[in-house]
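Notes follow the structure.
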Amino acid sequence: MCELVLEIEEVFGISLADEQAERIITVGDLYAAVLVATADKTRNPDVCLSARTFYELRRYWRLHINDAGSRARIGPSTNVFDALPSSRRRETWTRMASDLNLRFPKLRRPLAVSLFGLIASAVAAIICFVSLEPLSSLGISILFGVLTFVCSLALFRSLTVSFATLPGESFTTFRGLTEQLMAKNGAKLADRHDAFSSRDVWTILRLVLMDQLGVDRDKITPDAHLVRDLGYD
């Protein structure tokens, strides 16, 4: 529960007491706890936060990504990445996050690059194990083999950041990117647009759970058990 609670605290700009977090069993329990913690953040309930977020994103896109002042139609189903050549995608992605002062979802590496990193790290770990095994105990050899794998993989990921140019399946469209921005910046967007209601809390909470637990939206109901139904470990 710890990692999920920390993410929810960051997204909503709140702090949940340990005793309170321990009593959270269902999605409804979590929703109720967030509602209480965000009671002083309630804004205009007639303003739709998701719509305001989409309009902000679209306005930035028209001014800075498309030709200045372009009125090209951008709707919720428009593909975000059609206008972003992979050669400058990371640079543009980073600039958008900085200009909008929002946490953006991370771009991913091609599958082939990720697989190569795993294989190379595994080979390095095996070489380390085989080299140490005659000179030390089995436990020490295994320990250093595991450390070699972890360090090699971390080094590989740091060296291949420039290859991370692909979108995740959840944010290829403007609708998906809007949802991801809400899931990562709920409190900040609420303050920015003076829009935060119980409906927005529920929407953002579901998005966070979808992102953190990798479950379908339809499974996230107030009665859903976080461990038994949603597979939270």
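Chain lettering (A, B, ...) mirrors the order of the structure tokens, residue numbering begins at 1 for each chain separately, and ligand numbering begins at 1 in order of display.
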
Inset, instruction - Determine, counting only C-alpha atoms, which protein, DNA and RNA residues have an atom within 12 Å of an atom of A:Thr78; residues of the same chain fewer than 4 positions away are not included. Present the result as a PyMOL selection string. - result: chain A and resi 54+58+61+72-74+82-83+171-178

Would you mind exporting the chosen residues as a CSV table (one decimal), in the first residue's frame, restricted to N, CA and C atoms?
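The resulting file, result.csv, is reproduced below:
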chain,number,residue,atom,x,y,z
A,54,PHE,N,-7.5,19.6,-21.1
A,54,PHE,CA,-7.4,19.4,-22.5
A,54,PHE,C,-7.2,20.7,-23.3
A,58,ARG,N,-4.1,21.7,-25.6
A,58,ARG,CA,-4.3,22.0,-27.0
A,58,ARG,C,-3.8,23.4,-27.4
A,61,TRP,N,-0.2,23.3,-27.7
A,61,TRP,CA,0.2,22.6,-28.9
A,61,TRP,C,0.1,23.5,-30.1
A,72,ALA,N,-5.6,24.2,-37.0
A,72,ALA,CA,-5.8,22.8,-37.4
A,72,ALA,C,-6.6,22.1,-36.3
A,73,ARG,N,-7.6,21.3,-36.7
A,73,ARG,CA,-8.5,20.7,-35.7
A,73,ARG,C,-7.7,19.7,-34.9
A,74,ILE,N,-7.8,19.9,-33.6
A,74,ILE,CA,-7.2,19.0,-32.6
A,74,ILE,C,-8.3,18.6,-31.7
A,82,ASP,N,1.7,12.1,-34.2
A,82,ASP,CA,1.8,12.3,-35.7
A,82,ASP,C,2.6,13.5,-36.1
A,83,ALA,N,2.6,14.5,-35.2
A,83,ALA,CA,3.3,15.8,-35.5
A,83,ALA,C,4.6,15.9,-34.8
A,171,PHE,N,-1.4,6.9,-23.8
A,171,PHE,CA,-1.4,8.3,-24.1
A,171,PHE,C,-0.9,8.6,-25.6
A,172,THR,N,-1.4,7.9,-26.5
A,172,THR,CA,-1.2,8.2,-27.9
A,172,THR,C,-2.1,9.3,-28.4
A,173,THR,N,-3.2,9.4,-27.8
A,173,THR,CA,-4.2,10.5,-28.3
A,173,THR,C,-4.2,11.6,-27.3
A,174,PHE,N,-4.8,12.8,-27.6
A,174,PHE,CA,-4.9,13.9,-26.7
A,174,PHE,C,-5.8,13.5,-25.5
A,175,ARG,N,-6.8,12.7,-25.7
A,175,ARG,CA,-7.6,12.2,-24.6
A,175,ARG,C,-6.8,11.5,-23.6
A,176,GLY,N,-6.0,10.5,-24.1
A,176,GLY,CA,-5.1,9.7,-23.3
A,176,GLY,C,-4.1,10.5,-22.5
A,177,LEU,N,-3.5,11.5,-23.3
A,177,LEU,CA,-2.5,12.4,-22.6
A,177,LEU,C,-3.1,13.3,-21.6
A,178,THR,N,-4.3,13.8,-21.9
A,178,THR,CA,-5.0,14.6,-20.9
A,178,THR,C,-5.2,13.8,-19.6

Counting only C-alpha atoms, what are the residues of stretch 92-190 of chain A within 12 Å of stretch 34-38 of chain A, and for each of them which pair of atoms is the nearest and at what distance in Å, to one decimal? Sort the table by chain and rising number, as JSON lines.
{"residue": "A:Gly186", "atom": "CA", "partner": "A:Thr38", "partner_atom": "CA", "distance": 11.0}
{"residue": "A:Ala187", "atom": "CA", "partner": "A:Thr38", "partner_atom": "CA", "distance": 9.1}
{"residue": "A:Ala190", "atom": "CA", "partner": "A:Thr38", "partner_atom": "CA", "distance": 10.8}

Inset, instruction - Pull the alpha helix (DSSP H) assignments for stretch 54-121 of chain A out of DSSP run on the backbone, and list those residues as a ChimeraX atom specification. - result: /A:54-60,89-100,111-121

Inset, instruction - For each of A:Val130, A:Ala51, A:Leu181, A:Leu155, take the minimum atom-to-atom distance to A:Ala97, counting only C-alpha atoms, then give the residue where this is smallest. - result: A:Leu181

Inset, instruction - Pick out the residues sitting within 10 Å of A:Asp223, and hand them over as a PyMOL selection string; count only C-alpha atoms, and ignore anything fewer than 2 positions along from it in its own chain. - result: chain A and resi 25-29+219-221+225-226+229

Inset, instruction - Do a neighbour search on A:Ser170 at 12 Å with only C-alpha atoms, toss out local chain neighbours closer than 2 positions, and write the hits as a ChimeraX atom specification. - result: /A:79-80,105-108,166-168,172-181,183,207,210-211,214-217
